[in-house]
Amino acid sequence: MLDKNILNTALQYFITENVGNDISKLALQKNPFPEVDWIEVLNQIAAKTKAREKLPTFFETQNIIYPSKISVEQTSSEKTAYYKSTLVSGESLIDLTGGFGVDDFYFSKKINQVIHCEINTDLSELVRHNFEVLKAGNIQCFAGDSLDALKSLNEKFDWIYIDPSRRNDAKGKVFMLKDCLPNVPELLNFYFTHADNILIKTAPILDISAGLLELSNVKCIHVIAVDNEVKELLWELSKNFIGNPLIKTINILNEKSVTFDFELKTNSNTPTFSLPKKYLFEPNSAIMKSGGFDEISIHYKIDKLHPHSHLYTSDEIIDLPGRIFEIQNAIPYNKTEMKLFLENKKANVTTRNFPDNVEIIRKKWKIKDGGSTYCFFTTDMNNHKIVLICTKIK
């Protein structure tokens, strides 16, 4: 049950004043607010600290009550929630796995009626309070199982949104949607009786080809990265869609968002290969996750170093989504060359299609981390192990 004592003005001020402070040290203090459990006060501080960067609107709004710090860590960021809101339209959306409700808050700016389903009744009550504080009056909260909600409401929605969670007994297994709650592959036909459009959020650990085997009617897959770290996959399903899905990659940066899209199909064109030229290109993490390795080569007309290295080269600078380097030296990976160029030096080390990992390479050649030199340990088109010593351009 929601403890409204947490909204005490002095307590809220105390929570805000302690954002960012060491929770373990605070835990040793005597509780200055005995009417509220001290563990809950500490949780509010920890969760609000996590929300400062991830959920700025929530953080800056007075009297927001937070769930556990873990729940805040697992929820969508406002940046990714905003992106999701650009994909939907219409009159109604039902979220079958509401959680902390960040996605629904942004959906409510685009959809007239949003229903937030949450099986945890305490969390549902907390979220209802926050929506009132945020003045999101077009969101209705349903506490209970989402299947019961769909059956009792018995209406057609423009969109169903689902963020399935892995069952506890699925730990250690390969990530499959059938191992999540709700079991989307099993319930998909039922869901399509209640909406023609379904948006599914999954963790980036899910293999795209595996997801396509479990789902039908996939119209588009969105690979979302924030500051070059892939945060989530979005699966856009349409009841009547037949064909090859579109893959959309987006890297959300502070100043802009960078995109690269391609249709998932067998290319009639093939990529070209080359030994290292003047410049080296490393696609961003969203493209790497998407598997669009050949498409990058074909679209930008640049050469791959090797079918499995996923690094690209050209004699001209190409403005593609990712990092660009100028190659200063391309050396064979052997003892003589390593001693001459890199042993006991300082460099940023990356491996692509190489037998040793970064830690082994650093230890073996006593390479310190950092500096302005970037080294790519990789394999070229002739299957030779090489090291590209570069300076970063972008």
# chains A, B, ... in the order shown; residues from 1 in each chain; ligands from 1
>>> residues_around(residues="Leu311 in chain A", least_positions_apart="2", cutoff="6 Å", atoms="only C-alpha atoms", output="CSV table (one decimal) with all heavy atoms, in the first residue's frame")
chain,number,residue,atom,x,y,z
A,281,PHE,N,36.6,3.0,-41.0
A,281,PHE,CA,35.2,3.3,-40.5
A,281,PHE,C,34.7,2.2,-39.6
A,281,PHE,O,34.7,1.0,-40.0
A,281,PHE,CB,34.3,3.5,-41.7
A,281,PHE,CG,34.7,4.6,-42.6
A,281,PHE,CD1,35.5,4.2,-43.7
A,281,PHE,CD2,34.4,5.9,-42.5
A,281,PHE,CE1,36.0,5.2,-44.6
A,281,PHE,CE2,34.8,6.9,-43.4
A,281,PHE,CZ,35.6,6.5,-44.5
A,282,GLU,N,34.2,2.6,-38.4
A,282,GLU,CA,33.6,1.6,-37.5
A,282,GLU,C,32.1,2.1,-37.3
A,282,GLU,O,31.8,3.1,-36.7
A,282,GLU,CB,34.3,1.6,-36.2
A,282,GLU,CG,33.7,0.7,-35.2
A,282,GLU,CD,34.3,0.8,-33.8
A,282,GLU,OE1,34.6,2.0,-33.4
A,282,GLU,OE2,34.6,-0.2,-33.1
A,304,LYS,N,34.8,-3.5,-47.3
A,304,LYS,CA,35.0,-4.2,-46.1
A,304,LYS,C,36.4,-4.8,-46.0
A,304,LYS,O,37.0,-5.2,-47.0
A,304,LYS,CB,34.0,-5.4,-45.9
A,304,LYS,CG,32.5,-5.0,-45.9
A,304,LYS,CD,31.6,-6.2,-45.7
A,304,LYS,CE,31.7,-6.7,-44.3
A,304,LYS,NZ,30.7,-7.7,-44.0
A,305,LEU,N,36.9,-4.9,-44.8
A,305,LEU,CA,38.3,-5.5,-44.6
A,305,LEU,C,38.2,-7.0,-44.8
A,305,LEU,O,39.2,-7.6,-45.2
A,305,LEU,CB,38.9,-5.1,-43.3
A,305,LEU,CG,39.3,-3.6,-43.1
A,305,LEU,CD1,39.9,-3.5,-41.7
A,305,LEU,CD2,40.3,-3.2,-44.2
A,309,SER,N,35.0,-9.1,-40.2
A,309,SER,CA,35.6,-8.1,-39.3
A,309,SER,C,34.7,-6.8,-39.0
A,309,SER,O,34.9,-6.2,-38.0
A,309,SER,CB,36.9,-7.6,-40.0
A,309,SER,OG,37.9,-8.6,-40.0
>>> residues_around(residues="range 147-149 of chain A", least_positions_apart="4", cutoff="8 Å", atoms="only C-alpha atoms", output="PyMOL selection string")
chain A and resi 117+142+153
>>> write_last_selection(atoms="N, CA and C atoms", output="mmCIF file, in the first residue's frame")
data_model
loop_
_atom_site.group_PDB
_atom_site.id
_atom_site.type_symbol
_atom_site.label_atom_id
_atom_site.label_comp_id
_atom_site.auth_asym_id
_atom_site.auth_seq_id
_atom_site.Cartn_x
_atom_site.Cartn_y
_atom_site.Cartn_z
ATOM 1 N N CYS A 117 -1.633 -1.213 -17.607
ATOM 2 C CA CYS A 117 -1.913 -2.435 -16.857
ATOM 3 C C CYS A 117 -0.675 -2.822 -16.046
ATOM 4 N N PHE A 142 -4.987 0.154 -14.581
ATOM 5 C CA PHE A 142 -5.681 -1.103 -14.304
ATOM 6 C C PHE A 142 -4.740 -1.983 -13.492
ATOM 7 N N LEU A 153 -12.405 -5.492 -20.730
ATOM 8 C CA LEU A 153 -12.667 -4.285 -21.529
ATOM 9 C C LEU A 153 -13.341 -4.634 -22.847
#
>>> select_by_dssp(residues="range 151-377 of chain A", states="alpha helix (DSSP H)", output="PyMOL selection string")
chain A and resi 151-153+184-192+208-214+285-290+293-300+335-341+358-365
>>> write_last_selection(atoms="N, CA and C atoms", output="tab-separated table (two decimals), in the first residue's frame")
chain	number	residue	atom	x	y	z
A	151	LYS	N	-9.85	-8.96	-21.63
A	151	LYS	CA	-11.12	-9.69	-21.69
A	151	LYS	C	-12.26	-8.86	-21.12
A	152	SER	N	-12.00	-8.16	-20.01
A	152	SER	CA	-13.08	-7.39	-19.37
A	152	SER	C	-13.41	-6.12	-20.16
A	153	LEU	N	-12.40	-5.49	-20.73
A	153	LEU	CA	-12.67	-4.28	-21.53
A	153	LEU	C	-13.34	-4.63	-22.85
A	184	VAL	N	4.52	-13.80	-25.40
A	184	VAL	CA	3.97	-13.10	-26.57
A	184	VAL	C	3.74	-14.03	-27.76
A	185	PRO	N	4.71	-14.90	-28.13
A	185	PRO	CA	4.46	-15.78	-29.28
A	185	PRO	C	3.20	-16.62	-29.12
A	186	GLU	N	2.95	-17.11	-27.91
A	186	GLU	CA	1.78	-17.94	-27.65
A	186	GLU	C	0.49	-17.14	-27.70
A	187	LEU	N	0.56	-15.86	-27.30
A	187	LEU	CA	-0.65	-15.03	-27.19
A	187	LEU	C	-0.87	-14.11	-28.38
A	188	LEU	N	0.01	-14.18	-29.37
A	188	LEU	CA	-0.01	-13.19	-30.45
A	188	LEU	C	-1.34	-13.16	-31.21
A	189	ASN	N	-1.88	-14.32	-31.54
A	189	ASN	CA	-3.16	-14.35	-32.26
A	189	ASN	C	-4.27	-13.71	-31.44
A	190	PHE	N	-4.25	-13.96	-30.12
A	190	PHE	CA	-5.24	-13.35	-29.23
A	190	PHE	C	-5.08	-11.83	-29.21
A	191	TYR	N	-3.84	-11.37	-29.13
A	191	TYR	CA	-3.60	-9.93	-29.11
A	191	TYR	C	-4.12	-9.27	-30.39
A	192	PHE	N	-3.95	-9.94	-31.52
A	192	PHE	CA	-4.39	-9.35	-32.79
A	192	PHE	C	-5.92	-9.25	-32.89
A	208	ILE	N	18.12	-10.86	-33.20
A	208	ILE	CA	17.07	-10.44	-34.13
A	208	ILE	C	16.55	-11.61	-34.95
A	209	SER	N	17.42	-12.48	-35.43
A	209	SER	CA	16.97	-13.62	-36.23
A	209	SER	C	16.12	-14.57	-35.39
A	210	ALA	N	16.47	-14.72	-34.10
A	210	ALA	CA	15.68	-15.58	-33.21
A	210	ALA	C	14.30	-14.97	-32.97
A	211	GLY	N	14.25	-13.65	-32.78
A	211	GLY	CA	12.96	-12.98	-32.59
A	211	GLY	C	12.05	-13.12	-33.80
A	212	LEU	N	12.63	-13.06	-34.99
A	212	LEU	CA	11.84	-13.21	-36.21
A	212	LEU	C	11.27	-14.61	-36.36
A	213	LEU	N	11.96	-15.60	-35.80
A	213	LEU	CA	11.44	-16.97	-35.85
A	213	LEU	C	10.24	-17.14	-34.93
A	214	GLU	N	10.18	-16.35	-33.86
A	214	GLU	CA	9.10	-16.48	-32.87
A	214	GLU	C	7.91	-15.60	-33.18
A	285	SER	N	26.99	1.35	-32.65
A	285	SER	CA	26.55	0.11	-32.00
A	285	SER	C	25.17	-0.34	-32.48
A	286	ALA	N	24.29	0.61	-32.84
A	286	ALA	CA	22.96	0.23	-33.32
A	286	ALA	C	23.06	-0.52	-34.64
A	287	ILE	N	23.93	-0.06	-35.53
A	287	ILE	CA	24.13	-0.74	-36.82
A	287	ILE	C	24.76	-2.10	-36.58
A	288	MET	N	25.74	-2.17	-35.68
A	288	MET	CA	26.40	-3.45	-35.37
A	288	MET	C	25.38	-4.46	-34.85
A	289	LYS	N	24.47	-4.01	-33.99
A	289	LYS	CA	23.44	-4.92	-33.47
A	289	LYS	C	22.47	-5.35	-34.56
A	290	SER	N	22.19	-4.46	-35.50
A	290	SER	CA	21.21	-4.76	-36.55
A	290	SER	C	21.67	-5.83	-37.51
A	293	PHE	N	25.75	-5.33	-41.91
A	293	PHE	CA	27.17	-5.15	-42.25
A	293	PHE	C	27.39	-4.99	-43.76
A	294	ASP	N	26.73	-5.82	-44.54
A	294	ASP	CA	26.87	-5.71	-45.99
A	294	ASP	C	26.19	-4.45	-46.50
A	295	GLU	N	25.04	-4.11	-45.89
A	295	GLU	CA	24.28	-2.95	-46.34
A	295	GLU	C	25.07	-1.65	-46.20
A	296	ILE	N	25.89	-1.54	-45.16
A	296	ILE	CA	26.74	-0.35	-44.98
A	296	ILE	C	27.72	-0.23	-46.14
A	297	SER	N	28.35	-1.34	-46.49
A	297	SER	CA	29.33	-1.34	-47.59
A	297	SER	C	28.66	-0.95	-48.91
A	298	ILE	N	27.49	-1.55	-49.16
A	298	ILE	CA	26.78	-1.30	-50.43
A	298	ILE	C	26.26	0.13	-50.50
A	299	HIS	N	25.63	0.60	-49.40
A	299	HIS	CA	25.00	1.92	-49.39
A	299	HIS	C	26.03	3.04	-49.54
A	300	TYR	N	27.13	2.95	-48.79
A	300	TYR	CA	28.12	4.03	-48.79
A	300	TYR	C	29.26	3.81	-49.80
A	335	LYS	N	55.75	-10.41	-33.63
A	335	LYS	CA	56.56	-9.93	-32.51
A	335	LYS	C	57.41	-8.73	-32.89
A	336	THR	N	58.02	-8.79	-34.07
A	336	THR	CA	58.91	-7.71	-34.51
A	336	THR	C	58.17	-6.39	-34.62
A	337	GLU	N	57.02	-6.41	-35.32
A	337	GLU	CA	56.26	-5.18	-35.55
A	337	GLU	C	55.65	-4.65	-34.25
A	338	MET	N	55.17	-5.55	-33.40
A	338	MET	CA	54.56	-5.12	-32.14
A	338	MET	C	55.59	-4.46	-31.24
A	339	LYS	N	56.79	-5.02	-31.17
A	339	LYS	CA	57.84	-4.43	-30.34
A	339	LYS	C	58.22	-3.04	-30.86
A	340	LEU	N	58.24	-2.89	-32.17
A	340	LEU	CA	58.63	-1.63	-32.78
A	340	LEU	C	57.58	-0.53	-32.59
A	341	PHE	N	56.30	-0.90	-32.77
A	341	PHE	CA	55.25	0.12	-32.81
A	341	PHE	C	54.44	0.27	-31.52
A	358	VAL	N	40.97	-7.87	-25.76
A	358	VAL	CA	41.72	-6.64	-25.42
A	358	VAL	C	42.60	-6.86	-24.20
A	359	GLU	N	42.07	-7.53	-23.18
A	359	GLU	CA	42.83	-7.74	-21.94
A	359	GLU	C	44.11	-8.53	-22.20
A	360	ILE	N	44.01	-9.59	-23.00
A	360	ILE	CA	45.19	-10.41	-23.32
A	360	ILE	C	46.22	-9.60	-24.09
A	361	ILE	N	45.75	-8.81	-25.06
A	361	ILE	CA	46.66	-8.00	-25.88
A	361	ILE	C	47.40	-6.98	-25.01
A	362	ARG	N	46.65	-6.30	-24.14
A	362	ARG	CA	47.29	-5.29	-23.28
A	362	ARG	C	48.36	-5.93	-22.39
A	363	LYS	N	48.01	-7.06	-21.80
A	363	LYS	CA	48.94	-7.73	-20.89
A	363	LYS	C	50.18	-8.24	-21.64
A	364	LYS	N	49.97	-8.81	-22.81
A	364	LYS	CA	51.06	-9.42	-23.57
A	364	LYS	C	52.06	-8.37	-24.05
A	365	TRP	N	51.56	-7.19	-24.47
A	365	TRP	CA	52.43	-6.19	-25.06
A	365	TRP	C	52.61	-4.96	-24.18
>>> residues_around(residues="Lys50 in chain A", least_positions_apart="4", cutoff="8 Å", atoms="only C-alpha atoms", output="PyMOL selection string")
chain A and resi 46+54+69+72-73
>>> select_by_dssp(residues="range 59-158 of chain A", states="strand (DSSP E or B)", output="list in words")
Ser92, Leu93, Ile94, Asp95, Gln113, Val114, Ile115, His116, Cys117, Glu118, Ile139, Gln140, Cys141, Phe142, Ala143, Phe157 and Asp158 of chain A
>>> closest_residue(among="A:Gly20, A:Pro355, A:Gly322, A:Pro271", to="Asn284 in chain A", atoms="only C-alpha atoms")
A:Gly322
>>> residues_around(residues="range 246-251 of chain A", least_positions_apart="4", cutoff="8 Å", atoms="only C-alpha atoms", output="PyMOL selection string")
chain A and resi 219-228+257-264+284-287+290
>>> decode(residues="range 92-104 of chain A", atoms="all heavy atoms", output="short mmCIF file (atom, residue, chain, number, x, y, z; two decimals), in the first residue's frame")
data_model
loop_
_atom_site.label_atom_id
_atom_site.label_comp_id
_atom_site.auth_asym_id
_atom_site.auth_seq_id
_atom_site.Cartn_x
_atom_site.Cartn_y
_atom_site.Cartn_z
N SER A 92 -6.49 5.07 -29.15
CA SER A 92 -6.34 4.28 -27.93
C SER A 92 -5.13 3.34 -27.99
O SER A 92 -4.78 2.82 -29.05
CB SER A 92 -7.60 3.45 -27.69
OG SER A 92 -7.84 2.57 -28.79
N LEU A 93 -4.50 3.16 -26.82
CA LEU A 93 -3.37 2.24 -26.66
C LEU A 93 -3.48 1.59 -25.30
O LEU A 93 -3.81 2.26 -24.30
CB LEU A 93 -2.04 3.00 -26.79
CG LEU A 93 -0.74 2.22 -26.57
CD1 LEU A 93 0.39 2.81 -27.44
CD2 LEU A 93 -0.29 2.23 -25.09
N ILE A 94 -3.21 0.30 -25.24
CA ILE A 94 -3.17 -0.40 -23.96
C ILE A 94 -1.77 -0.97 -23.77
O ILE A 94 -1.23 -1.63 -24.65
CB ILE A 94 -4.25 -1.51 -23.87
CG1 ILE A 94 -4.22 -2.15 -22.47
CG2 ILE A 94 -4.12 -2.55 -24.97
CD1 ILE A 94 -5.45 -3.02 -22.17
N ASP A 95 -1.19 -0.66 -22.61
CA ASP A 95 0.13 -1.15 -22.24
C ASP A 95 -0.08 -2.34 -21.30
O ASP A 95 -0.59 -2.17 -20.19
CB ASP A 95 0.92 -0.04 -21.55
CG ASP A 95 2.32 -0.46 -21.13
OD1 ASP A 95 2.63 -1.66 -21.20
OD2 ASP A 95 3.10 0.41 -20.70
N LEU A 96 0.30 -3.52 -21.75
CA LEU A 96 0.02 -4.74 -20.98
C LEU A 96 1.01 -4.98 -19.86
O LEU A 96 0.78 -5.84 -19.01
CB LEU A 96 0.00 -5.96 -21.92
CG LEU A 96 -0.98 -5.88 -23.10
CD1 LEU A 96 -0.95 -7.19 -23.89
CD2 LEU A 96 -2.39 -5.57 -22.63
N THR A 97 2.11 -4.24 -19.84
CA THR A 97 3.16 -4.45 -18.83
C THR A 97 3.65 -3.09 -18.34
O THR A 97 4.81 -2.74 -18.50
CB THR A 97 4.34 -5.24 -19.44
OG1 THR A 97 4.74 -4.59 -20.67
CG2 THR A 97 3.95 -6.67 -19.77
N GLY A 98 2.76 -2.33 -17.72
CA GLY A 98 2.96 -0.90 -17.47
C GLY A 98 4.20 -0.49 -16.72
O GLY A 98 4.83 0.51 -17.05
N GLY A 99 4.58 -1.23 -15.66
CA GLY A 99 5.76 -0.86 -14.89
C GLY A 99 5.66 0.54 -14.33
O GLY A 99 4.58 0.98 -13.88
N PHE A 100 6.77 1.29 -14.35
CA PHE A 100 6.81 2.63 -13.79
C PHE A 100 6.07 3.66 -14.64
O PHE A 100 5.83 4.77 -14.21
CB PHE A 100 8.28 3.04 -13.59
CG PHE A 100 8.46 4.31 -12.81
CD1 PHE A 100 7.72 4.58 -11.67
CD2 PHE A 100 9.41 5.25 -13.21
CE1 PHE A 100 7.90 5.76 -10.96
CE2 PHE A 100 9.60 6.43 -12.51
CZ PHE A 100 8.84 6.69 -11.38
N GLY A 101 5.72 3.29 -15.88
CA GLY A 101 4.83 4.13 -16.68
C GLY A 101 5.48 5.23 -17.48
O GLY A 101 4.77 6.10 -18.00
N VAL A 102 6.80 5.20 -17.64
CA VAL A 102 7.48 6.26 -18.40
C VAL A 102 7.03 6.24 -19.86
O VAL A 102 6.73 7.28 -20.45
CB VAL A 102 9.01 6.11 -18.30
CG1 VAL A 102 9.72 7.17 -19.15
CG2 VAL A 102 9.46 6.20 -16.86
N ASP A 103 6.98 5.04 -20.46
CA ASP A 103 6.52 4.94 -21.85
C ASP A 103 5.10 5.46 -22.00
O ASP A 103 4.79 6.20 -22.95
CB ASP A 103 6.60 3.49 -22.33
CG ASP A 103 8.04 3.02 -22.53
OD1 ASP A 103 8.86 3.83 -23.00
OD2 ASP A 103 8.33 1.85 -22.23
N ASP A 104 4.23 5.11 -21.07
CA ASP A 104 2.83 5.53 -21.17
C ASP A 104 2.68 7.04 -21.03
O ASP A 104 1.80 7.66 -21.65
CB ASP A 104 1.98 4.82 -20.11
CG ASP A 104 1.83 3.34 -20.39
OD1 ASP A 104 2.11 2.93 -21.54
OD2 ASP A 104 1.45 2.59 -19.49
#
